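The next block is model-v7.txt, given as compact mmCIF, C-alpha atoms.
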```
# COMPACT_ATOMS: atom_id res chain seq x y z
CA MET A 1 -81.01 -86.74 19.71
CA SER A 2 -78.78 -88.66 22.09
CA LEU A 3 -75.09 -88.45 21.28
CA THR A 4 -71.88 -90.37 21.89
CA LEU A 5 -68.47 -88.74 21.71
CA ARG A 6 -65.33 -90.72 20.92
CA THR A 7 -61.83 -90.40 19.49
CA ILE A 8 -61.83 -90.97 15.73
CA SER A 9 -59.16 -91.58 13.08
CA ARG A 10 -57.85 -88.79 10.87
CA GLU A 11 -59.45 -90.53 7.89
CA GLN A 12 -62.89 -90.46 9.53
CA HIS A 13 -62.37 -86.82 10.48
CA LEU A 14 -61.33 -85.82 6.95
CA ALA A 15 -64.24 -87.73 5.37
CA TYR A 16 -66.64 -85.84 7.64
CA ILE A 17 -65.12 -82.43 6.78
CA GLN A 18 -65.30 -83.31 3.07
CA SER A 19 -69.02 -84.07 3.41
CA LEU A 20 -69.73 -80.48 4.54
CA PRO A 21 -70.14 -77.33 2.41
CA ALA A 22 -67.21 -75.76 4.35
CA ALA A 23 -65.34 -75.74 7.68
CA SER A 24 -62.47 -73.74 9.15
CA HIS A 25 -58.99 -74.59 7.85
CA MET A 26 -58.01 -74.93 11.53
CA GLN A 27 -60.40 -77.85 11.94
CA VAL A 28 -59.00 -80.10 9.20
CA PRO A 29 -56.91 -83.03 10.50
CA ALA A 30 -53.74 -81.77 8.77
CA TRP A 31 -53.80 -78.58 10.88
CA ALA A 32 -52.42 -80.77 13.68
CA ASP A 33 -49.25 -81.28 11.60
CA VAL A 34 -48.93 -77.52 11.05
CA LYS A 35 -49.09 -77.00 14.83
CA ALA A 36 -46.44 -79.64 15.49
CA GLU A 37 -45.60 -78.32 18.98
CA TRP A 38 -49.09 -79.27 20.22
CA ARG A 39 -50.37 -82.79 20.79
CA ALA A 40 -53.54 -83.42 18.77
CA GLU A 41 -56.67 -85.55 18.97
CA ASN A 42 -59.60 -86.00 16.58
CA LEU A 43 -63.04 -86.20 18.16
CA GLY A 44 -66.30 -87.36 16.61
CA TRP A 45 -69.92 -87.03 17.77
CA PHE A 46 -72.25 -89.87 16.78
CA ASP A 47 -76.05 -90.04 16.68
CA ASP A 48 -76.98 -93.04 18.88
CA ARG A 49 -80.03 -93.90 16.78
CA THR A 50 -78.34 -94.09 13.39
CA GLY A 51 -74.67 -94.52 14.36
CA GLU A 52 -73.93 -91.69 11.93
CA MET A 53 -71.19 -89.13 12.64
CA VAL A 54 -72.81 -85.70 13.11
CA GLY A 55 -69.90 -83.55 14.35
CA ALA A 56 -66.11 -83.44 14.59
CA GLY A 57 -63.43 -81.49 16.37
CA LEU A 58 -59.66 -81.10 16.20
CA VAL A 59 -58.28 -80.64 19.71
CA LEU A 60 -54.77 -79.28 20.25
CA TYR A 61 -53.18 -79.94 23.67
CA ARG A 62 -50.48 -77.63 25.01
CA GLN A 63 -48.66 -78.82 28.11
CA LEU A 64 -48.18 -76.42 31.01
CA PRO A 65 -44.51 -75.89 31.92
CA LYS A 66 -43.31 -78.38 34.56
CA ILE A 67 -46.62 -80.24 35.08
CA LYS A 68 -48.48 -82.91 33.16
CA ARG A 69 -51.63 -80.85 32.63
CA TYR A 70 -52.84 -79.37 29.37
CA LEU A 71 -54.66 -76.49 27.82
CA ALA A 72 -57.08 -78.03 25.29
CA TYR A 73 -57.79 -75.77 22.33
CA LEU A 74 -60.28 -76.16 19.47
CA PRO A 75 -59.46 -73.30 17.07
CA GLU A 76 -62.58 -72.14 15.18
CA GLY A 77 -64.30 -75.30 16.31
CA PRO A 78 -65.64 -77.81 17.06
CA VAL A 79 -67.63 -78.43 13.88
CA ILE A 80 -71.03 -79.25 15.39
CA ASN A 81 -74.62 -78.02 15.14
CA TRP A 82 -74.20 -74.87 17.22
CA PHE A 83 -77.87 -73.98 16.96
CA ALA A 84 -79.02 -77.30 18.44
CA PRO A 85 -81.33 -76.67 21.43
CA ASN A 86 -79.48 -79.40 23.39
CA LEU A 87 -76.03 -77.77 23.25
CA THR A 88 -75.14 -79.24 26.66
CA GLU A 89 -75.49 -82.76 25.19
CA TRP A 90 -72.80 -81.84 22.67
CA LEU A 91 -70.39 -79.99 24.95
CA ASP A 92 -70.66 -81.78 28.33
CA PRO A 93 -69.28 -85.11 27.01
CA MET A 94 -66.46 -83.13 25.35
CA LEU A 95 -65.53 -81.44 28.64
CA ALA A 96 -65.63 -84.80 30.49
CA HIS A 97 -63.41 -86.39 27.84
CA LEU A 98 -60.88 -83.52 27.82
CA LYS A 99 -60.70 -83.56 31.62
CA GLN A 100 -59.93 -87.29 31.45
CA GLN A 101 -57.13 -86.46 29.00
CA GLY A 102 -55.50 -84.17 31.59
CA ALA A 103 -56.87 -80.81 30.44
CA PHE A 104 -57.12 -78.12 33.13
CA SER A 105 -58.78 -75.60 30.78
CA VAL A 106 -60.61 -75.72 27.46
CA LYS A 107 -60.67 -72.97 24.85
CA MET A 108 -62.87 -73.07 21.77
CA GLY A 109 -64.03 -70.72 19.01
CA PRO A 110 -67.60 -71.38 17.87
CA PRO A 111 -67.70 -70.70 14.11
CA VAL A 112 -70.89 -68.67 14.57
CA ILE A 113 -71.35 -65.21 13.04
CA ILE A 114 -73.37 -62.69 15.10
CA ARG A 115 -73.40 -59.57 12.92
CA ARG A 116 -72.50 -58.40 9.44
CA TRP A 117 -71.90 -54.89 8.11
CA GLU A 118 -71.99 -53.99 4.42
CA ALA A 119 -69.10 -51.95 2.97
CA ALA A 120 -71.39 -48.92 2.40
CA SER A 121 -72.38 -48.83 6.09
CA ILE A 122 -68.74 -49.02 7.19
CA LYS A 123 -67.77 -46.21 4.81
CA LYS A 124 -70.54 -44.06 6.27
CA GLY A 125 -69.32 -44.93 9.76
CA ILE A 126 -65.74 -43.94 8.94
CA GLN A 127 -66.97 -40.49 7.87
CA ASP A 128 -68.95 -40.00 11.10
CA PRO A 129 -66.75 -38.44 13.85
CA ASP A 130 -68.94 -40.04 16.57
CA VAL A 131 -68.23 -43.54 15.32
CA LYS A 132 -65.11 -45.01 16.87
CA ARG A 133 -65.72 -48.77 16.47
CA LEU A 134 -67.48 -51.14 14.13
CA ARG A 135 -69.99 -51.84 16.88
CA ASP A 136 -71.07 -48.19 16.90
CA ILE A 137 -72.55 -48.77 13.43
CA GLU A 138 -75.94 -50.44 13.17
CA ALA A 139 -75.39 -53.91 11.70
CA ASP A 140 -77.00 -54.77 8.36
CA PHE A 141 -77.56 -58.34 9.47
CA ILE A 142 -77.98 -59.82 12.96
CA GLU A 143 -78.23 -63.54 13.72
CA PRO A 144 -80.59 -63.81 16.72
CA ARG A 145 -79.70 -67.49 17.24
CA ALA A 146 -76.08 -66.48 17.93
CA PHE A 147 -77.20 -64.60 21.06
CA GLU A 148 -79.04 -67.73 22.21
CA VAL A 149 -75.82 -69.73 21.76
CA ALA A 150 -73.92 -67.18 23.88
CA ASP A 151 -76.60 -67.37 26.61
CA ARG A 152 -76.48 -71.17 26.64
CA LEU A 153 -72.68 -71.17 26.90
CA ARG A 154 -72.77 -68.73 29.84
CA ARG A 155 -75.36 -70.83 31.65
CA MET A 156 -73.14 -73.89 31.17
CA GLY A 157 -70.20 -72.12 32.82
CA TRP A 158 -68.23 -71.07 29.73
CA GLN A 159 -66.55 -67.69 30.15
CA GLN A 160 -65.65 -64.74 28.00
CA GLY A 161 -63.63 -61.71 29.10
CA GLU A 162 -64.71 -58.11 28.61
CA ASP A 163 -62.51 -57.73 25.54
CA GLY A 164 -64.13 -60.77 23.97
CA GLY A 165 -61.88 -63.49 25.32
CA ALA A 166 -61.06 -64.75 28.79
CA GLY A 167 -57.94 -66.86 29.34
CA PHE A 168 -55.41 -65.23 27.08
CA GLY A 169 -57.88 -63.25 24.97
CA ASP A 170 -58.97 -64.24 21.50
CA VAL A 171 -56.24 -66.09 19.64
CA GLN A 172 -58.16 -66.04 16.35
CA PRO A 173 -59.65 -62.81 14.97
CA ARG A 174 -63.13 -62.01 16.18
CA TYR A 175 -63.76 -59.61 13.29
CA VAL A 176 -63.09 -60.68 9.71
CA TYR A 177 -63.72 -59.28 6.26
CA GLN A 178 -65.46 -61.43 3.65
CA VAL A 179 -66.52 -61.09 0.02
CA PRO A 180 -69.61 -63.24 -0.61
CA LEU A 181 -69.47 -65.06 -3.98
CA ALA A 182 -72.56 -67.29 -3.92
CA ASN A 183 -75.15 -66.48 -6.61
CA ARG A 184 -73.08 -63.57 -7.96
CA SER A 185 -71.35 -63.05 -11.29
CA LEU A 186 -67.69 -62.04 -11.39
CA GLU A 187 -68.81 -58.83 -13.06
CA ASP A 188 -71.01 -58.12 -10.05
CA VAL A 189 -68.09 -58.79 -7.68
CA HIS A 190 -65.89 -56.40 -9.69
CA LYS A 191 -68.64 -53.76 -9.62
CA GLY A 192 -68.72 -54.09 -5.83
CA PHE A 193 -65.12 -52.82 -5.58
CA ASN A 194 -64.75 -49.14 -4.80
CA GLN A 195 -63.40 -46.75 -7.42
CA LEU A 196 -59.87 -46.79 -6.02
CA TRP A 197 -59.69 -50.60 -6.19
CA ARG A 198 -60.99 -50.71 -9.76
CA ARG A 199 -58.54 -47.97 -10.75
CA ASN A 200 -55.64 -49.78 -9.10
CA ILE A 201 -56.48 -53.09 -10.80
CA LYS A 202 -56.51 -51.26 -14.15
CA LYS A 203 -53.25 -49.49 -13.30
CA ALA A 204 -51.53 -52.81 -12.53
CA GLU A 205 -52.81 -54.31 -15.78
CA LYS A 206 -51.57 -51.34 -17.79
CA ALA A 207 -48.16 -51.47 -16.11
CA GLY A 208 -47.85 -55.15 -17.07
CA VAL A 209 -48.03 -56.65 -13.56
CA GLU A 210 -48.45 -60.42 -13.83
CA VAL A 211 -49.77 -62.68 -11.12
CA VAL A 212 -48.42 -66.23 -11.01
CA GLN A 213 -48.82 -69.25 -8.76
CA GLY A 214 -45.79 -70.63 -6.99
CA GLY A 215 -44.92 -73.99 -5.44
CA TYR A 216 -42.96 -75.39 -2.49
CA GLN A 217 -39.68 -74.36 -4.14
CA ASP A 218 -40.81 -70.71 -4.11
CA LEU A 219 -41.37 -70.50 -0.35
CA GLU A 220 -37.89 -69.03 0.17
CA GLU A 221 -38.83 -66.12 -2.11
CA TRP A 222 -42.11 -65.82 -0.20
CA GLN A 223 -40.10 -65.65 3.05
CA ARG A 224 -37.90 -62.84 1.68
CA LEU A 225 -40.96 -60.64 1.03
CA TYR A 226 -42.62 -61.69 4.28
CA GLU A 227 -39.57 -60.68 6.34
CA ILE A 228 -39.45 -57.27 4.60
CA THR A 229 -43.12 -56.86 5.61
CA ALA A 230 -42.43 -57.91 9.21
CA ALA A 231 -39.63 -55.34 9.54
CA ARG A 232 -41.85 -52.62 8.07
CA ASP A 233 -44.94 -53.44 10.14
CA HIS A 234 -43.07 -54.33 13.36
CA PHE A 235 -44.20 -57.91 13.95
CA ARG A 236 -42.22 -61.08 14.57
CA PRO A 237 -42.22 -63.20 11.41
CA ARG A 238 -42.79 -66.95 11.46
CA PRO A 239 -39.77 -68.96 10.25
CA LEU A 240 -39.55 -70.43 6.74
CA SER A 241 -39.87 -73.93 8.26
CA TYR A 242 -43.41 -73.06 9.42
CA PHE A 243 -44.59 -72.31 5.88
CA GLN A 244 -42.78 -75.36 4.50
CA ARG A 245 -44.51 -77.52 7.10
CA MET A 246 -47.85 -75.87 6.37
CA TRP A 247 -47.47 -76.45 2.62
CA THR A 248 -46.47 -80.10 3.00
CA ALA A 249 -49.08 -80.97 5.65
CA LEU A 250 -52.05 -79.24 4.03
CA ASN A 251 -51.33 -80.25 0.43
CA ASN A 252 -50.63 -83.87 1.39
CA GLU A 253 -54.16 -83.95 2.80
CA ASP A 254 -55.69 -82.26 -0.26
CA PRO A 255 -53.54 -81.09 -3.23
CA ASN A 256 -55.63 -77.91 -3.49
CA ARG A 257 -55.64 -76.94 0.21
CA MET A 258 -52.88 -74.30 0.06
CA ARG A 259 -51.75 -72.06 -2.79
CA LEU A 260 -49.02 -69.46 -3.16
CA TYR A 261 -49.28 -66.37 -5.37
CA PHE A 262 -46.77 -63.74 -6.53
CA ALA A 263 -47.43 -60.42 -8.24
CA ARG A 264 -44.41 -59.47 -10.33
CA HIS A 265 -43.38 -56.55 -12.48
CA GLU A 266 -40.56 -56.73 -15.03
CA GLY A 267 -39.47 -60.06 -13.56
CA VAL A 268 -39.30 -58.81 -9.95
CA ASN A 269 -41.68 -60.23 -7.30
CA LEU A 270 -43.31 -57.30 -5.49
CA SER A 271 -45.96 -58.99 -3.40
CA ALA A 272 -47.01 -62.49 -2.39
CA ALA A 273 -49.86 -64.23 -0.59
CA THR A 274 -50.94 -67.65 0.63
CA MET A 275 -54.46 -68.94 0.02
CA LEU A 276 -56.28 -71.76 1.82
CA VAL A 277 -59.26 -73.75 0.54
CA VAL A 278 -61.73 -75.91 2.49
CA GLY A 279 -64.87 -76.74 0.52
CA GLY A 280 -66.60 -73.52 -0.50
CA HIS A 281 -64.62 -71.32 1.91
CA VAL A 282 -61.43 -69.70 0.61
CA TRP A 283 -59.08 -67.64 2.79
CA TYR A 284 -56.39 -65.13 1.97
CA SER A 285 -54.24 -66.16 4.90
CA TYR A 286 -50.81 -64.46 4.81
CA GLY A 287 -49.71 -61.48 2.73
CA ALA A 288 -46.32 -59.93 2.06
CA SER A 289 -44.95 -57.09 -0.06
CA ASP A 290 -41.70 -55.32 -0.87
CA ASN A 291 -41.06 -51.67 -0.10
CA ILE A 292 -40.57 -51.00 -3.81
CA GLY A 293 -42.92 -51.04 -6.78
CA ARG A 294 -46.03 -49.98 -4.91
CA GLU A 295 -46.95 -47.51 -7.64
CA VAL A 296 -47.85 -50.39 -10.00
CA ARG A 297 -50.39 -51.74 -7.43
CA PRO A 298 -49.26 -55.37 -7.21
CA SER A 299 -51.42 -56.18 -4.16
CA ASN A 300 -54.68 -55.17 -5.86
CA ALA A 301 -53.79 -57.21 -8.94
CA MET A 302 -52.98 -60.24 -6.79
CA GLN A 303 -56.20 -60.05 -4.75
CA TRP A 304 -58.29 -59.77 -7.91
CA ARG A 305 -56.59 -62.86 -9.38
CA MET A 306 -57.05 -64.81 -6.12
CA LEU A 307 -60.70 -63.80 -5.97
CA ARG A 308 -61.23 -64.95 -9.56
CA ASP A 309 -59.50 -68.26 -8.81
CA ALA A 310 -61.64 -68.74 -5.70
CA TYR A 311 -64.70 -68.08 -7.85
CA ALA A 312 -63.51 -70.64 -10.44
CA LEU A 313 -63.16 -73.20 -7.62
CA GLY A 314 -66.84 -72.68 -6.83
CA ALA A 315 -66.21 -70.81 -3.57
CA THR A 316 -69.18 -69.24 -1.81
CA VAL A 317 -67.01 -66.84 0.19
CA TYR A 318 -63.59 -65.21 -0.19
CA ASP A 319 -62.32 -64.47 3.30
CA LEU A 320 -59.75 -61.72 3.83
CA ARG A 321 -59.38 -62.79 7.50
CA GLY A 322 -58.87 -60.48 10.45
CA ILE A 323 -59.59 -56.80 10.85
CA SER A 324 -59.56 -54.61 13.94
CA ASP A 325 -62.92 -53.20 15.00
CA SER A 326 -61.38 -49.74 15.38
CA LEU A 327 -62.50 -47.11 12.84
CA ASP A 328 -60.17 -44.47 14.24
CA GLU A 329 -57.98 -43.14 11.42
CA THR A 330 -55.05 -42.69 13.81
CA ASP A 331 -55.11 -46.40 14.73
CA HIS A 332 -52.19 -48.27 13.11
CA LEU A 333 -54.59 -51.03 11.98
CA PHE A 334 -56.98 -48.64 10.26
CA GLY A 335 -55.24 -49.02 6.88
CA LEU A 336 -56.01 -52.73 6.92
CA ILE A 337 -59.77 -52.29 7.24
CA GLN A 338 -59.66 -49.49 4.65
CA PHE A 339 -57.90 -51.78 2.15
CA LYS A 340 -60.36 -54.63 2.74
CA VAL A 341 -63.50 -52.46 2.68
CA GLY A 342 -62.47 -51.45 -0.84
CA THR A 343 -63.41 -54.95 -2.06
CA GLY A 344 -67.10 -54.30 -1.37
CA GLY A 345 -67.93 -57.33 0.76
CA GLN A 346 -68.87 -57.36 4.43
CA ALA A 347 -67.31 -57.21 7.85
CA ALA A 348 -68.42 -60.10 10.05
CA GLU A 349 -68.25 -60.53 13.81
CA TYR A 350 -67.87 -64.01 15.25
CA LEU A 351 -69.03 -65.11 18.68
CA GLY A 352 -65.40 -64.97 19.83
CA GLU A 353 -63.47 -67.52 21.87
CA TRP A 354 -64.74 -69.11 25.07
CA ASP A 355 -62.97 -70.74 28.02
CA PHE A 356 -64.03 -73.44 30.42
CA PRO A 357 -61.77 -73.71 33.49
CA LEU A 358 -61.76 -77.39 34.53
CA ASN A 359 -59.26 -76.51 37.26
CA LYS A 360 -59.84 -72.92 38.40
CA LEU A 361 -56.50 -72.57 40.14
CA LEU A 362 -54.40 -73.67 37.14
CA HIS A 363 -56.60 -71.65 34.79
CA LYS A 364 -55.97 -68.53 36.88
CA ALA A 365 -52.23 -69.26 36.90
CA LEU A 366 -52.24 -69.52 33.10
CA ASP A 367 -54.16 -66.23 32.89
CA ILE A 368 -51.51 -64.45 34.95
CA TYR A 369 -48.68 -66.10 33.00
CA MET A 370 -50.19 -65.07 29.64
CA SER A 371 -50.92 -61.48 30.72
CA ARG A 372 -47.24 -61.07 31.71
CA ARG A 373 -46.16 -62.20 28.25
```

In structure tokens, write the structure found in this file.
Amino acid sequence: MSLTLRTISREQHLAYIQSLPAASHMQVPAWADVKAEWRAENLGWFDDRTGEMVGAGLVLYRQLPKIKRYLAYLPEGPVINWFAPNLTEWLDPMLAHLKQQGAFSVKMGPPVIIRRWEAASIKKGIQDPDVKRLRDIEADFIEPRAFEVADRLRRMGWQQGEDGGAGFGDVQPRYVYQVPLANRSLEDVHKGFNQLWRRNIKKAEKAGVEVVQGGYQDLEEWQRLYEITAARDHFRPRPLSYFQRMWTALNNEDPNRMRLYFARHEGVNLSAATMLVVGGHVWYSYGASDNIGREVRPSNAMQWRMLRDAYALGATVYDLRGISDSLDETDHLFGLIQFKVGTGGQAAEYLGEWDFPLNKLLHKALDIYMSRR
């Protein structure tokens, strides 16, 4: 197949994404509006024989301080046929185009899964004192074609650091936790939960926890819970304006793209979450909870409701997003994987993010700058 790459309109880009079973929420055109501090461009790949669009990519450009050169970033993209034997014919024109646009370095995240681990295997691994990381456990599923993709990228000059990401490391999580929903009944999904999860869902029901959907007007209440969470877990929260922009941008593109949920008890909101939908892929993207009311298990009730809603939307996967690959119980992120493993489901490892330095000197300078931050 011979291909042509060119800039496309947002409408063309969206139509292409809508024709697919799923794509990352960071590759929909509206994501450019969420990341308003970056300049954006929509790229399309066309089959020369038929003139048909066969791939798309959202590129975000970040300008380097003081000079008119850019880092070009395709988060969880581009959306192309990654297993095509002629990968160079897809990526070389992209590199040439981005260089022309003033990019000194390109970063992308192929949406390709290498390995999957079932919940039972992870549980076994956690109990084994010799197992320190997810990778120490034998995977239940390995995608051999993913290794071929990695080999091709290396031969083409794309780079990856030891920790999985050159440049400034992986920006998006390399390890995620997913609950597969395709060809399963809800009863089967519920059965997949561990005992603690099932008990907690029952406990919340008994206590009268209700889970409701919110709208734009409820984002201030979301922010209140999110800032309590940030203080408790020691991270810097995003401002309210970010979530307002996200809501407006994503739901203007598709009224069902972003949802907001609250779990409340006796009229008080105890936890909240945002959910994103692109085709058959549904993500739990941000979560927040108060320091009070944990005994009525609002978070379990909320996840179960979100999972059921995802199922009703015809989702094939419910994605709980990032986990650390550390299985060390003293690690501060261990609780996160423990919570997510309770849903049954699977841990998945992506190919990680890759860099192509178009200007080695500037790329190196960015590397140093980012490592100091």

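The nearest approach to Pro110 (chain A) among the residues A:Phe193, A:Phe356, A:Phe235, A:Trp82, with only C-alpha atoms taken into account, belongs to A:Trp82.
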
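Distance annotation: of A:Lys35, A:Arg245, A:His25, A:Arg133, the residue with the minimal separation from Asp325 (chain A) is A:Arg133; atom set is only C-alpha atoms.
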
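CA of Asp92 (chain A) is found 15.6 Å from CA of Ala150 (chain A).
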
d(CA of Pro85 (chain A), CA of Ala146 (chain A)) in Å:
12.0 Å

Within 8 Å of region 304-323 of chain A: each region 202-285 of chain A residue with its shortest pair, only C-alpha atoms, as a Markdown table:
```
| residue | atom | partner | partner_atom | distance |
| --- | --- | --- | --- | --- |
| A:Val211 | CA | A:Arg305 | CA | 7.0 |
| A:Tyr261 | CA | A:Met306 | CA | 8.0 |
| A:Met275 | CA | A:Met306 | CA | 7.8 |
| A:Gly279 | CA | A:Ala315 | CA | 7.3 |
| A:Gly280 | CA | A:Ala315 | CA | 4.1 |
| A:His281 | CA | A:Val317 | CA | 5.4 |
| A:Val282 | CA | A:Tyr318 | CA | 5.0 |
| A:Trp283 | CA | A:Asp319 | CA | 4.6 |
| A:Tyr284 | CA | A:Leu320 | CA | 5.1 |
| A:Ser285 | CA | A:Arg321 | CA | 6.7 |
```

Name the residues, using the chain letters and numbers of the file, that sit within 10 Å of (-60.0, -74.5, 15.9) when counting all atoms listed in the file, and give them as a compact mmCIF listing (two decimals) with C-alpha atoms, keeping the file's coordinate frame.
```txt
# COMPACT_ATOMS: atom_id res chain seq x y z
CA ALA A 23 -65.34 -75.74 7.68
CA SER A 24 -62.47 -73.74 9.15
CA HIS A 25 -58.99 -74.59 7.85
CA MET A 26 -58.01 -74.93 11.53
CA GLN A 27 -60.40 -77.85 11.94
CA VAL A 28 -59.00 -80.10 9.20
CA TRP A 31 -53.80 -78.58 10.88
CA GLY A 57 -63.43 -81.49 16.37
CA LEU A 58 -59.66 -81.10 16.20
CA VAL A 59 -58.28 -80.64 19.71
CA LEU A 60 -54.77 -79.28 20.25
CA TYR A 73 -57.79 -75.77 22.33
CA LEU A 74 -60.28 -76.16 19.47
CA PRO A 75 -59.46 -73.30 17.07
CA GLU A 76 -62.58 -72.14 15.18
CA GLY A 77 -64.30 -75.30 16.31
CA PRO A 78 -65.64 -77.81 17.06
CA VAL A 79 -67.63 -78.43 13.88
CA LYS A 107 -60.67 -72.97 24.85
CA MET A 108 -62.87 -73.07 21.77
CA GLY A 109 -64.03 -70.72 19.01
CA PRO A 110 -67.60 -71.38 17.87
CA PRO A 111 -67.70 -70.70 14.11
CA VAL A 171 -56.24 -66.09 19.64
CA GLN A 172 -58.16 -66.04 16.35
CA GLU A 353 -63.47 -67.52 21.87
```

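Rounded to one decimal, CA of Ile17 (chain A) and CA of Gly214 (chain A) lie 26.5 Å from each other.
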
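Nearest residue to Ile137 (chain A) among A:Phe339, A:Tyr16, A:Trp117, A:Trp90 is A:Trp117, counting only C-alpha atoms.
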
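If you measure from each of A:Ala36, A:Leu87, A:Ile122, A:Ile113 to Ser326 (chain A) using all atoms listed in the file, the closest one turns out to be A:Ile122.
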
Could you list, as a ChimeraX atom specification, every residue within 9 Å of Arg69 (chain A), counting all atoms listed in the file and ignoring same-chain residues fewer than 5 positions away?
/A:62-64,101-104,362

Fewer than 6 positions away in the same chain doesn't count, so skip those; otherwise give me all residues within 6 Å of Arg116 (chain A), counting all atoms listed in the file, as number ranges by chain.
A: 139-141, 347-348

Keeping only C-alpha atoms, write those residues as a compact mmCIF listing (two decimals), keeping the file's coordinate frame.
```txt
# COMPACT_ATOMS: atom_id res chain seq x y z
CA ALA A 139 -75.39 -53.91 11.70
CA ASP A 140 -77.00 -54.77 8.36
CA PHE A 141 -77.56 -58.34 9.47
CA ALA A 347 -67.31 -57.21 7.85
CA ALA A 348 -68.42 -60.10 10.05
```

Contact residues around Arg154 (chain A) with only C-alpha atoms at 12 Å, ignoring same-chain residues under 3 positions, as JSON, numbers by chain:
{"A": [87, 88, 147, 148, 149, 150, 151, 157, 158, 159, 160, 161, 354, 355, 356]}

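Nearest-residue note for Ser105 (chain A): choosing from A:Arg294, A:Arg372, A:Lys364, A:Arg259, the minimum distance belongs to A:Lys364, counting all atoms listed in the file.
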